[in-house]
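**Q** Submitted below is the structure of interest, expressed as structure tokens.
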Amino acid sequence: MTAQVDAAKPSPAGPTEVDWVAAVAAVRQLPAEGRVLLICHVNPDGDALGSMLGFGLGLRRLGVHEVQATFPGPPEVPEPLGGLPGLDLLVPAAEAHPEPDLVVCFDAASDSRLGELADRLTGPGTALVLDHHASNTGFGDVNLVDPEAAATSVVAEQLLERLGVPLDPNIAECLYVALSTDTGSFRFDATTPAVHEMAARLLATGISPGDISRRVFDSRPFGAVRLFGEVLGRARLEPEAAAGQGLVWTYATLEDLDRHDQRPYVLEALIDPVRCTAEADVSCVVKQTGPDVWAVSLRSKGATDVSRVAVALGGGGHRLAAGFTGRGTVDEVVEQIRAELAVAAPEGGIDPQG
């Protein structure tokens, strides 16, 4: 890995001017036939995939021809994201450039989220990280990590602007999907005036927010509707958990998916109806990914820092949204969460009863 600056824990204040200059140089100094590999985290969501593809399309506008985009694990794009522009950039992880001149990572707080592709960071090229997780470990040569950004797409748009890449409808659609998914359709607390200003710039290119919202948020197979009903039916409320702020949780197994003939991506939206529970500050969905292996999503309405729980259990994320990989039975995983919530004292904020 050819470091242009020392890889260090990103500043809580976000990227410095030195970081931005180094990032622009990493792109501008590519050789004429330079190979670029874009990587986002395993099981990519809208922000990871949208930021990566939007940036990849921007590189094409700059005249960079050898651009690949990929992510670890099976090369399956979640159906709601299947209409994104730039999907032709995607290649399976096994076909990714083994020694790219530039590696750009999106929405991953640590190299562990890159799975079998993490070895690309140790090659001869420069590793550039774009992210917005406060728990980011600073694993790149150049780290553009802004914990105040509502989504990684915010960082991606800023870098494209510094590179002189104008927005077009294809780039804008990718970044809009990324921004809208990570802000919960602009409902979460991270939705600042700057977020709406960015959305306005993207919409000004002519993209249709109604079509995008229907495709990304408001369309799922009937089998997924039946699956949601079953999994929500087993939800449990624990008012005494999280120092009395309340915990609501449920789980879904691989057998559940098979029975309803659904792919794992449909479960990503399950946290939204669970987190609506008025009596709980913390919500949790435990999703089986293998024998005794579970992907855990955590959300808080404001009184609890769930990133502390996730980091303690080997994961990461934000104060109000985080996750980790749990191992054991579902009851053992939930007991670990209860125990960590007991020591992660609430920081004040929204009273779930009020």
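The chains in the structure tokens are called A, B, ... from first to last as shown; in each chain the residues are counted from 1, and the ligands are counted from 1 in the order shown.
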Applying 7 Å and only C-alpha atoms, which residues near Val306 of chain A remain after dropping the ones on its own chain fewer than 4 positions away? List them as a ChimeraX atom specification.

**A** /A:298-300,310,319-322

**Q** With only C-alpha atoms as the counted atoms, please give the residues lying no more than 10 Å from Leu237 of chain A, apart from itself and same-chain residues fewer than 4 positions off, as a compact mmCIF listing (two decimals) with N, CA and C atoms, in the first residue's frame.

**A**
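After the write, part_3.txt holds the following:
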```
# COMPACT_ATOMS: atom_id res chain seq x y z
N ALA A 241 -35.32 -2.99 30.03
CA ALA A 241 -33.98 -3.03 29.41
C ALA A 241 -33.51 -1.62 29.08
N GLY A 246 -36.21 0.87 27.60
CA GLY A 246 -36.98 -0.10 26.84
C GLY A 246 -36.25 -0.63 25.61
N LEU A 247 -36.46 -1.93 25.39
CA LEU A 247 -35.90 -2.62 24.23
C LEU A 247 -37.01 -3.42 23.56
N VAL A 248 -37.10 -3.33 22.24
CA VAL A 248 -38.00 -4.19 21.47
C VAL A 248 -37.15 -4.92 20.44
N TRP A 249 -37.38 -6.22 20.31
CA TRP A 249 -36.54 -6.98 19.39
C TRP A 249 -37.32 -8.13 18.77
N THR A 250 -36.82 -8.58 17.63
CA THR A 250 -37.35 -9.77 16.99
C THR A 250 -36.22 -10.41 16.19
N THR A 277 -42.10 1.17 17.78
CA THR A 277 -42.66 0.84 19.08
C THR A 277 -42.49 2.01 20.05
N GLU A 279 -43.02 2.28 23.26
CA GLU A 279 -42.55 2.01 24.62
C GLU A 279 -41.06 1.69 24.70
N ALA A 280 -40.34 1.72 23.58
CA ALA A 280 -38.93 1.33 23.60
C ALA A 280 -38.06 2.36 22.89
N SER A 283 -34.40 -0.49 19.49
CA SER A 283 -35.00 -1.55 18.70
C SER A 283 -33.89 -2.40 18.09
```

**Q** Taking 3 positions as the minimum chain separation for residues in the same chain, which residues sit within 9 Å of His133 of chain A when counting only C-alpha atoms? Answer as JSON, numbers by chain.

**A** {"A": [107, 108, 109, 136, 145, 146, 147, 148, 149, 151, 152, 316, 317, 318]}

**Q** Create the file for the chosen residues now, containing N, CA, C and O atoms and written as a short mmCIF file (atom, residue, chain, number, x, y, z; two decimals), in the first residue's frame.

**A**
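Now in out-v2.cif:
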```cif
data_model
loop_
_atom_site.label_atom_id
_atom_site.label_comp_id
_atom_site.auth_asym_id
_atom_site.auth_seq_id
_atom_site.Cartn_x
_atom_site.Cartn_y
_atom_site.Cartn_z
N ASP A 107 -18.30 3.46 2.70
CA ASP A 107 -19.27 3.15 3.75
C ASP A 107 -18.85 1.98 4.64
O ASP A 107 -19.69 1.36 5.27
N ALA A 108 -17.56 1.71 4.72
CA ALA A 108 -17.05 0.64 5.57
C ALA A 108 -16.26 1.25 6.72
O ALA A 108 -15.31 2.01 6.48
N ALA A 109 -16.63 0.92 7.95
CA ALA A 109 -15.96 1.50 9.12
C ALA A 109 -14.64 0.81 9.43
O ALA A 109 -13.81 1.37 10.15
N ASN A 136 -15.01 4.59 12.47
CA ASN A 136 -14.05 4.22 11.43
C ASN A 136 -12.64 4.13 12.00
O ASN A 136 -12.20 5.00 12.77
N VAL A 145 -13.29 10.73 6.18
CA VAL A 145 -14.31 10.22 7.11
C VAL A 145 -14.93 11.41 7.83
O VAL A 145 -14.24 12.12 8.55
N ASP A 146 -16.22 11.61 7.61
CA ASP A 146 -16.92 12.73 8.22
C ASP A 146 -18.09 12.21 9.05
O ASP A 146 -19.17 11.92 8.52
N PRO A 147 -17.91 12.08 10.37
CA PRO A 147 -18.99 11.57 11.22
C PRO A 147 -20.22 12.47 11.26
O PRO A 147 -21.30 12.02 11.65
N GLU A 148 -20.06 13.72 10.84
CA GLU A 148 -21.21 14.64 10.81
C GLU A 148 -22.02 14.51 9.54
O GLU A 148 -23.12 15.06 9.44
N ALA A 149 -21.49 13.80 8.55
CA ALA A 149 -22.21 13.64 7.29
C ALA A 149 -23.37 12.67 7.46
O ALA A 149 -23.25 11.64 8.13
N ALA A 151 -24.62 10.75 5.26
CA ALA A 151 -24.40 9.53 4.48
C ALA A 151 -23.02 9.61 3.83
O ALA A 151 -22.45 10.70 3.69
N THR A 152 -22.51 8.47 3.42
CA THR A 152 -21.24 8.46 2.71
C THR A 152 -21.37 9.20 1.38
O THR A 152 -20.41 9.77 0.88
N GLY A 316 -19.91 -1.78 14.77
CA GLY A 316 -19.71 -0.33 14.74
C GLY A 316 -20.96 0.35 14.24
O GLY A 316 -22.03 -0.25 14.09
N GLY A 317 -20.83 1.66 13.96
CA GLY A 317 -21.96 2.42 13.46
C GLY A 317 -22.05 3.79 14.07
O GLY A 317 -21.04 4.38 14.46
N HIS A 318 -23.26 4.29 14.20
CA HIS A 318 -23.55 5.62 14.70
C HIS A 318 -24.27 5.55 16.04
O HIS A 318 -24.72 4.48 16.46
#
```

**Q** When you look at Phe106 of chain A with a cut-off of 6 Å (counting only C-alpha atoms), what residues show up, excluding the ones that are within fewer than 5 positions of it in the same chain? I need them as a list in words.

**A**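 My list of contacting residues is Cys40, Ala48, Leu130 and Asp131 of chain A.
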
**Q** Using only C-alpha atoms, pick whichever of A:Ala194, A:Ala13, A:Ala200, A:Ala295 has the shortest atom-to-atom distance to Val330 of chain A.

**A**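 The shortest atom-to-atom distance to Val330 of chain A comes from A:Ala295.
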
**Q** Using only C-alpha atoms, determine which residues lie at most 6 Å from segment 188-190 of chain A, disregarding the query and same-chain residues fewer than 4 positions distant; provide the list as a ChimeraX atom specification.

**A** /A:150,183-184

**Q** Using N, CA, C and O atoms, can you write the selected residues to a file as a compact mmCIF listing (two decimals), in the first residue's frame?

**A**
```txt
# COMPACT_ATOMS: atom_id res chain seq x y z
N ALA A 150 -24.49 12.97 6.83
CA ALA A 150 -25.67 12.12 6.96
C ALA A 150 -25.50 10.80 6.24
O ALA A 150 -26.16 9.82 6.57
N THR A 183 -30.94 8.47 5.34
CA THR A 183 -31.68 9.43 6.17
C THR A 183 -33.12 8.98 6.41
O THR A 183 -33.91 9.75 6.96
N GLY A 184 -33.45 7.75 6.00
CA GLY A 184 -34.82 7.27 6.19
C GLY A 184 -35.82 8.12 5.46
O GLY A 184 -36.82 8.54 6.03
```

**Q** Under the rule of at most 10 Å, produce a per-residue listing of segment 164-231 of chain A near segment 86-103 of chain A: chain, number, name, the closest pair of atoms, and the distance in Å, as CSV, using only C-alpha atoms.

**A**
```
residue,atom,partner,partner_atom,distance
A:Asn170,CA,A:Gly86,CA,7.7
A:Ile171,CA,A:Gly86,CA,8.4
A:Cys174,CA,A:Gly86,CA,8.3
```

**Q** Could you work out how far atom CA of Val296 of chain A lies from atom CA of Glu238 of chain A, giving the answer in Å with one decimal?

**A**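 Pair atom CA of Glu238 of chain A / atom CA of Val296 of chain A returns 17.3 Å.
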
**Q** Run DSSP on the backbone and give me the residues of segment 15-172 of chain A it puts in alpha helix (DSSP H), as number ranges by chain.

**A** A: 17-28, 46-62, 152-162, 169-172

**Q** Given only C-alpha atoms as the basis, pick out the residue of A:Ala69, A:Met52, A:Leu202, A:Ala303 nearest to Ala243 of chain A.

**A**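 Using only C-alpha atoms, Ala243 of chain A sits closest to A:Ala303.
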
**Q** Within 12 Å of Gly328 of chain A, counting only C-alpha atoms, which residues show up once you throw out same-chain ones fewer than 2 positions away? Write them as a PyMOL selection string, please.

**A** chain A and resi 286+288-295+325-326+330-336

**Q** Export, as a PDB file, in the first residue's frame, the selected residues with C-alpha atoms.

**A**
```pdb
ATOM      1  CA  VAL A 286     -31.453 -10.289  14.638  1.00  0.00           C
ATOM      2  CA  GLN A 288     -29.578 -15.307  10.675  1.00  0.00           C
ATOM      3  CA  THR A 289     -26.861 -15.489   8.025  1.00  0.00           C
ATOM      4  CA  GLY A 290     -25.434 -18.929   8.789  1.00  0.00           C
ATOM      5  CA  PRO A 291     -25.365 -21.664  11.419  1.00  0.00           C
ATOM      6  CA  ASP A 292     -25.225 -19.765  14.737  1.00  0.00           C
ATOM      7  CA  VAL A 293     -24.283 -16.530  12.900  1.00  0.00           C
ATOM      8  CA  TRP A 294     -26.532 -13.462  13.004  1.00  0.00           C
ATOM      9  CA  ALA A 295     -26.459  -9.968  11.497  1.00  0.00           C
ATOM     10  CA  THR A 325     -22.245  -9.883  13.792  1.00  0.00           C
ATOM     11  CA  GLY A 326     -23.414 -12.124  16.628  1.00  0.00           C
ATOM     12  CA  VAL A 330     -30.553 -16.020  19.087  1.00  0.00           C
ATOM     13  CA  ASP A 331     -31.196 -15.991  22.845  1.00  0.00           C
ATOM     14  CA  GLU A 332     -27.456 -15.818  23.545  1.00  0.00           C
ATOM     15  CA  VAL A 333     -27.013 -12.936  21.108  1.00  0.00           C
ATOM     16  CA  VAL A 334     -29.909 -10.979  22.627  1.00  0.00           C
ATOM     17  CA  GLU A 335     -28.559 -11.600  26.132  1.00  0.00           C
ATOM     18  CA  GLN A 336     -25.247 -10.043  25.049  1.00  0.00           C
TER      19      GLN A 336
END
```

**Q** Which one of A:Arg187, A:Leu179, A:Leu313, A:Ala344 sits closest to Asp47 of chain A if you count only C-alpha atoms?

**A**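 Closest to Asp47 of chain A of all the choices is A:Leu179.
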
**Q** One number please: atom CA of Ala199 of chain A to atom CA of Leu175 of chain A, in Å, one decimal.

**A** 8.8 Å

**Q** Quick one: everything within 7 Å of Asp19 of chain A, counting only C-alpha atoms, minus sequence neighbours fewer than 4 positions away in the same chain. Send it as a ChimeraX atom specification.

**A** /A:15,23,142-144

**Q** Take the residues just selected and output them with N, CA, C and O atoms as a short mmCIF file (atom, residue, chain, number, x, y, z; two decimals), in the first residue's frame.

**A**
```cif
data_model
loop_
_atom_site.label_atom_id
_atom_site.label_comp_id
_atom_site.auth_asym_id
_atom_site.auth_seq_id
_atom_site.Cartn_x
_atom_site.Cartn_y
_atom_site.Cartn_z
N PRO A 15 -12.72 15.33 7.56
CA PRO A 15 -11.49 15.46 6.75
C PRO A 15 -10.89 16.85 6.84
O PRO A 15 -11.60 17.86 6.86
N ALA A 23 -6.62 13.19 -1.44
CA ALA A 23 -7.61 12.38 -2.15
C ALA A 23 -7.70 12.80 -3.62
O ALA A 23 -7.74 11.95 -4.52
N VAL A 142 -5.48 7.37 2.68
CA VAL A 142 -6.15 8.66 2.77
C VAL A 142 -7.56 8.39 3.27
O VAL A 142 -8.29 7.57 2.68
N ASN A 143 -7.95 9.05 4.36
CA ASN A 143 -9.24 8.78 4.99
C ASN A 143 -10.13 10.02 4.95
O ASN A 143 -9.86 10.99 5.65
N LEU A 144 -11.15 9.98 4.10
CA LEU A 144 -12.16 11.03 4.07
C LEU A 144 -13.35 10.52 4.89
O LEU A 144 -14.29 9.92 4.35
#
```
